[in-house]
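> Sharing structure-v4.cif here; it has mmCIF, C-alpha atoms, pLDDT in the B column; chains and numbers go by the auth columns.
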```
data_input
loop_
_atom_site.group_PDB
_atom_site.id
_atom_site.type_symbol
_atom_site.label_atom_id
_atom_site.label_comp_id
_atom_site.label_asym_id
_atom_site.label_seq_id
_atom_site.Cartn_x
_atom_site.Cartn_y
_atom_site.Cartn_z
_atom_site.B_iso_or_equiv
_atom_site.auth_seq_id
_atom_site.auth_asym_id
ATOM 1 C CA MET A 1 -27.073 22.116 8.152 44.00 500 A
ATOM 2 C CA SER A 2 -29.447 19.926 10.112 42.00 501 A
ATOM 3 C CA SER A 3 -28.262 16.790 11.821 43.00 502 A
ATOM 4 C CA GLU A 4 -30.836 14.841 9.793 45.00 503 A
ATOM 5 C CA ASN A 5 -28.794 15.476 6.644 46.00 504 A
ATOM 6 C CA SER A 6 -25.377 14.744 8.116 46.00 505 A
ATOM 7 C CA ASP A 7 -23.926 11.296 7.652 48.00 506 A
ATOM 8 C CA ASP A 8 -21.400 10.544 10.390 50.00 507 A
ATOM 9 C CA THR A 9 -20.409 7.308 8.664 51.00 508 A
ATOM 10 C CA LEU A 10 -18.816 9.341 5.869 53.00 509 A
ATOM 11 C CA ALA A 11 -16.883 11.633 8.187 54.00 510 A
ATOM 12 C CA PRO A 12 -13.137 10.954 8.059 55.00 511 A
ATOM 13 C CA PRO A 13 -11.835 9.215 11.182 53.00 512 A
ATOM 14 C CA PRO A 14 -9.280 11.151 13.218 56.00 513 A
ATOM 15 C CA ALA A 15 -5.609 10.472 12.460 51.00 514 A
ATOM 16 C CA THR A 16 -2.580 10.511 14.673 48.00 515 A
ATOM 17 C CA PRO A 17 -0.906 13.821 13.711 55.00 516 A
ATOM 18 C CA THR A 18 2.467 12.211 13.158 76.00 517 A
ATOM 19 C CA THR A 19 1.299 9.263 11.031 90.00 518 A
ATOM 20 C CA THR A 20 2.951 9.157 7.606 94.00 519 A
ATOM 21 C CA VAL A 21 1.496 6.827 4.980 93.00 520 A
ATOM 22 C CA MET A 22 3.365 5.816 1.821 96.00 521 A
ATOM 23 C CA LEU A 23 0.631 5.274 -0.764 94.00 522 A
ATOM 24 C CA VAL A 24 1.814 3.032 -3.612 94.00 523 A
ATOM 25 C CA GLU A 25 -0.725 2.837 -6.434 90.00 524 A
ATOM 26 C CA PRO A 26 0.097 2.733 -10.166 89.00 525 A
ATOM 27 C CA ASP A 27 -3.374 4.002 -11.149 85.00 526 A
ATOM 28 C CA VAL A 28 -3.090 7.783 -10.851 86.00 527 A
ATOM 29 C CA LEU A 29 -6.852 8.324 -10.429 83.00 528 A
ATOM 30 C CA ALA A 30 -7.175 5.765 -7.635 82.00 529 A
ATOM 31 C CA ARG A 31 -4.055 7.196 -5.976 87.00 530 A
ATOM 32 C CA MET A 32 -5.414 10.745 -6.154 87.00 531 A
ATOM 33 C CA VAL A 33 -8.741 9.798 -4.547 84.00 532 A
ATOM 34 C CA ILE A 34 -7.185 7.832 -1.689 85.00 533 A
ATOM 35 C CA ALA A 35 -4.411 10.400 -1.106 87.00 534 A
ATOM 36 C CA GLU A 36 -6.899 13.273 -0.981 86.00 535 A
ATOM 37 C CA TYR A 37 -9.139 11.441 1.460 84.00 536 A
ATOM 38 C CA LEU A 38 -6.272 10.418 3.753 87.00 537 A
ATOM 39 C CA ARG A 39 -4.855 13.953 3.747 87.00 538 A
ATOM 40 C CA GLY A 40 -8.318 15.126 4.790 85.00 539 A
ATOM 41 C CA CYS A 41 -8.079 12.686 7.698 84.00 540 A
ATOM 42 C CA GLY A 42 -4.864 14.386 8.821 86.00 541 A
ATOM 43 C CA TYR A 43 -2.308 11.868 7.561 89.00 542 A
ATOM 44 C CA THR A 44 0.906 12.904 5.874 93.00 543 A
ATOM 45 C CA ILE A 45 0.923 11.151 2.497 93.00 544 A
ATOM 46 C CA VAL A 46 3.890 10.217 0.333 96.00 545 A
ATOM 47 C CA GLU A 47 2.876 8.908 -3.086 96.00 546 A
ATOM 48 C CA GLY A 48 4.571 6.348 -5.316 95.00 547 A
ATOM 49 C CA VAL A 49 3.880 3.888 -8.116 94.00 548 A
ATOM 50 C CA SER A 50 6.429 1.129 -7.492 95.00 549 A
ATOM 51 C CA ALA A 51 8.364 -0.708 -4.818 95.00 550 A
ATOM 52 C CA ASP A 52 11.440 1.245 -5.937 96.00 551 A
ATOM 53 C CA ASP A 53 9.667 4.420 -4.822 96.00 552 A
ATOM 54 C CA VAL A 54 9.126 2.933 -1.354 96.00 553 A
ATOM 55 C CA PHE A 55 12.742 1.853 -1.030 95.00 554 A
ATOM 56 C CA ALA A 56 13.959 5.285 -2.185 96.00 555 A
ATOM 57 C CA VAL A 57 11.839 7.062 0.437 96.00 556 A
ATOM 58 C CA VAL A 58 12.758 4.644 3.243 95.00 557 A
ATOM 59 C CA ASP A 59 16.455 4.749 2.300 92.00 558 A
ATOM 60 C CA SER A 60 16.351 8.563 2.343 95.00 559 A
ATOM 61 C CA GLY A 61 15.645 8.397 6.073 93.00 560 A
ATOM 62 C CA ARG A 62 12.145 9.840 5.807 94.00 561 A
ATOM 63 C CA LYS A 63 9.844 8.487 8.510 93.00 562 A
ATOM 64 C CA ILE A 64 7.159 6.171 7.131 95.00 563 A
ATOM 65 C CA ASP A 65 4.669 4.553 9.516 94.00 564 A
ATOM 66 C CA ILE A 66 2.529 2.630 7.041 94.00 565 A
ATOM 67 C CA VAL A 67 2.938 1.478 3.463 95.00 566 A
ATOM 68 C CA PHE A 68 -0.427 1.152 1.700 93.00 567 A
ATOM 69 C CA SER A 69 0.256 -0.676 -1.553 93.00 568 A
ATOM 70 C CA GLU A 70 -1.527 -2.228 -4.492 90.00 569 A
ATOM 71 C CA VAL A 71 -0.479 -5.851 -5.038 90.00 570 A
ATOM 72 C CA THR A 72 0.185 -5.290 -8.750 88.00 571 A
ATOM 73 C CA LEU A 73 2.927 -2.690 -9.084 90.00 572 A
ATOM 74 C CA ILE A 74 5.029 -1.247 -11.868 89.00 573 A
ATOM 75 C CA GLY A 75 8.435 -2.947 -11.979 90.00 574 A
ATOM 76 C CA GLU A 76 9.804 -6.309 -10.935 92.00 575 A
ATOM 77 C CA VAL A 77 8.719 -6.224 -7.284 93.00 576 A
ATOM 78 C CA ASP A 78 5.025 -6.761 -6.562 92.00 577 A
ATOM 79 C CA GLY A 79 3.176 -5.805 -3.393 92.00 578 A
ATOM 80 C CA PHE A 80 3.728 -9.224 -1.813 93.00 579 A
ATOM 81 C CA ALA A 81 7.504 -9.053 -2.223 94.00 580 A
ATOM 82 C CA LEU A 82 7.462 -5.417 -1.097 95.00 581 A
ATOM 83 C CA SER A 83 5.564 -6.376 2.053 94.00 582 A
ATOM 84 C CA LYS A 84 7.949 -9.237 2.784 94.00 583 A
ATOM 85 C CA GLN A 85 11.011 -7.019 2.360 94.00 584 A
ATOM 86 C CA ILE A 86 9.564 -4.187 4.471 95.00 585 A
ATOM 87 C CA ARG A 87 8.714 -6.638 7.259 92.00 586 A
ATOM 88 C CA ALA A 88 12.226 -8.110 7.156 95.00 587 A
ATOM 89 C CA THR A 89 14.146 -4.830 7.011 94.00 588 A
ATOM 90 C CA HIS A 90 11.828 -2.303 8.687 94.00 589 A
ATOM 91 C CA PRO A 91 9.577 -4.101 11.208 93.00 590 A
ATOM 92 C CA ASN A 92 8.437 -0.743 12.580 92.00 591 A
ATOM 93 C CA ILE A 93 6.599 -0.018 9.291 94.00 592 A
ATOM 94 C CA ASP A 94 3.144 -1.554 8.952 92.00 593 A
ATOM 95 C CA VAL A 95 1.939 -2.699 5.529 93.00 594 A
ATOM 96 C CA ILE A 96 -1.555 -2.774 4.072 90.00 595 A
ATOM 97 C CA LEU A 97 -2.006 -4.477 0.708 90.00 596 A
ATOM 98 C CA THR A 98 -4.904 -3.953 -1.630 86.00 597 A
ATOM 99 C CA GLN A 99 -5.732 -5.967 -4.684 76.00 598 A
ATOM 100 C CA GLY A 100 -8.314 -6.397 -7.366 56.00 599 A
ATOM 101 C CA VAL A 101 -7.883 -10.146 -7.727 40.00 600 A
ATOM 102 C CA THR A 102 -9.674 -12.030 -4.956 39.00 601 A
ATOM 103 C CA SER A 103 -7.639 -15.211 -5.477 38.00 602 A
ATOM 104 C CA ALA A 104 -4.564 -13.425 -4.123 39.00 603 A
ATOM 105 C CA ALA A 105 -6.207 -13.029 -0.696 40.00 604 A
ATOM 106 C CA GLU A 106 -4.770 -16.213 0.802 43.00 605 A
ATOM 107 C CA ARG A 107 -1.200 -15.265 -0.167 42.00 606 A
ATOM 108 C CA ALA A 108 -1.678 -11.724 1.111 41.00 607 A
ATOM 109 C CA GLY A 109 -3.164 -12.982 4.385 44.00 608 A
ATOM 110 C CA ARG A 110 0.199 -14.517 5.267 44.00 609 A
ATOM 111 C CA LEU A 111 1.854 -11.111 4.844 43.00 610 A
ATOM 112 C CA CYS A 112 -0.801 -8.836 6.330 49.00 611 A
ATOM 113 C CA GLU A 113 -2.492 -9.724 9.569 50.00 612 A
ATOM 114 C CA ASP A 114 -5.937 -8.646 8.365 53.00 613 A
ATOM 115 C CA GLY A 115 -5.431 -9.703 4.736 53.00 614 A
ATOM 116 C CA PRO A 116 -5.721 -7.383 1.758 53.00 615 A
ATOM 117 C CA LEU A 117 -8.459 -4.908 1.043 58.00 616 A
ATOM 118 C CA ASP A 118 -10.363 -6.135 -1.976 57.00 617 A
ATOM 119 C CA GLY A 119 -10.827 -3.564 -4.695 61.00 618 A
ATOM 120 C CA PRO A 120 -12.756 -1.561 -5.295 60.00 619 A
ATOM 121 C CA TYR A 121 -12.462 -0.274 -1.747 65.00 620 A
ATOM 122 C CA HIS A 122 -13.841 2.814 -0.087 69.00 621 A
ATOM 123 C CA PRO A 123 -11.410 5.453 1.246 75.00 622 A
ATOM 124 C CA GLN A 124 -13.023 5.228 4.705 78.00 623 A
ATOM 125 C CA GLU A 125 -12.057 1.538 4.845 79.00 624 A
ATOM 126 C CA VAL A 126 -8.440 2.491 4.123 79.00 625 A
ATOM 127 C CA ALA A 127 -8.454 5.041 6.953 81.00 626 A
ATOM 128 C CA ARG A 128 -10.148 2.557 9.287 82.00 627 A
ATOM 129 C CA ARG A 129 -7.483 -0.066 8.540 81.00 628 A
ATOM 130 C CA ILE A 130 -4.675 2.468 9.098 83.00 629 A
ATOM 131 C CA ASN A 131 -6.158 3.532 12.430 82.00 630 A
ATOM 132 C CA LEU A 132 -6.476 -0.111 13.466 83.00 631 A
ATOM 133 C CA LEU A 133 -2.815 -0.766 12.704 82.00 632 A
ATOM 134 C CA ARG A 134 -1.689 2.345 14.556 81.00 633 A
ATOM 135 C CA GLU A 135 -3.741 1.395 17.612 83.00 634 A
ATOM 136 C CA ARG A 136 -2.272 -2.132 17.597 81.00 635 A
ATOM 137 C CA ARG A 137 1.218 -0.662 17.362 79.00 636 A
ATOM 138 C CA ARG A 138 0.544 1.724 20.288 79.00 637 A
ATOM 139 C CA THR A 139 -0.948 -0.958 22.548 81.00 638 A
ATOM 140 C CA SER A 140 1.827 -3.451 21.798 77.00 639 A
ATOM 141 C CA LYS A 141 4.411 -0.885 22.958 69.00 640 A
ATOM 142 C CA LYS A 142 2.601 -0.489 26.287 63.00 641 A
ATOM 143 C CA VAL A 143 2.782 -4.199 27.080 54.00 642 A
#
```
What would you get if you wrote out this structure as structure tokens?

Amino acid sequence: MSSENSDDTLAPPPATPTTTVMLVEPDVLARMVIAEYLRGCGYTIVEGVSADDVFAVVDSGRKIDIVFSEVTLIGEVDGFALSKQIRATHPNIDVILTQGVTSAAERAGRLCEDGPLDGPYHPQEVARRINLLRERRRTSKKV
């Protein structure tokens, strides 16, 4: 394969080998695409469809580094409330919210430092955002 045909912008960014992402997405097709891409980047992925799934995994003692969640979830707890609860009870877990409704961006911005990813989003943007959070977490521990 010649270098003229390769597109480095589509290459998955490298992951920290121990990074575990809890992917919470009610749409099975969207979840499959993002999960497959992130696994290809080297992340360990745990999948769920609701906030209850996140709480069950966290309460089981399984290590989760990042929760990547849709704002609109199945059940009573939406992504905003999930983010708020995770931040209050597990400050070592970073949260990335994604949403299809742009008007929710201001509310999400208060919960997520970089605001939500607007849908539709590209899997590379998800991996980029995860890597950014991990790097911030690493550098804040060094200070």
> Expressed in Å to a single decimal, how great is the separation between CA of Arg586 in chain A and CA of Ile573 in chain A?
20.2 Å
> Do you know which residues are at most 8 Å from range 514-531 of chain A counting all atoms listed in the file, after dropping those on the same chain fewer than 6 positions away, and could you put them as a list in words?
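What passes the distance filter is Cys540, Gly541, Tyr542, Thr543, Ile544, Val545, Glu546, Gly547, Val548, Ser549, Ala550, Val553, Lys562, Ile563, Asp564, Ile565, Val566, Phe567, Ser568, Glu569, Leu572, Ile573 and Asn630 of chain A.
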> Using Å and a single decimal, report how far CA of Asp551 in chain A sits from CA of Glu634 in chain A.
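Pair CA of Glu634 in chain A / CA of Asp551 in chain A returns 28.0 Å.
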> Could you please determine the separation between CA of Gly539 in chain A and CA of Lys583 in chain A in Å, to one decimal place?
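CA of Gly539 in chain A sits 29.4 Å away from CA of Lys583 in chain A.
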> Given the file shown, enumerate the residues that the PyMOL selection byres ((chain A and resi 626) around 8) captures and present them as a list of chain:residue names.
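Applied to this file, the PyMOL selection byres ((chain A and resi 626) around 8) selects A:Pro511, A:Pro512, A:Leu537, A:Cys540, A:Pro622, A:Gln623, A:Glu624, A:Val625, A:Arg627, A:Arg628, A:Ile629, A:Asn630.
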> Which is closer to Gly574 in chain A than all the others in A:Ile592, A:Asp552, A:Asp558, A:Thr597, using only C-alpha atoms?
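The shortest atom-to-atom distance to Gly574 in chain A comes from A:Asp552.
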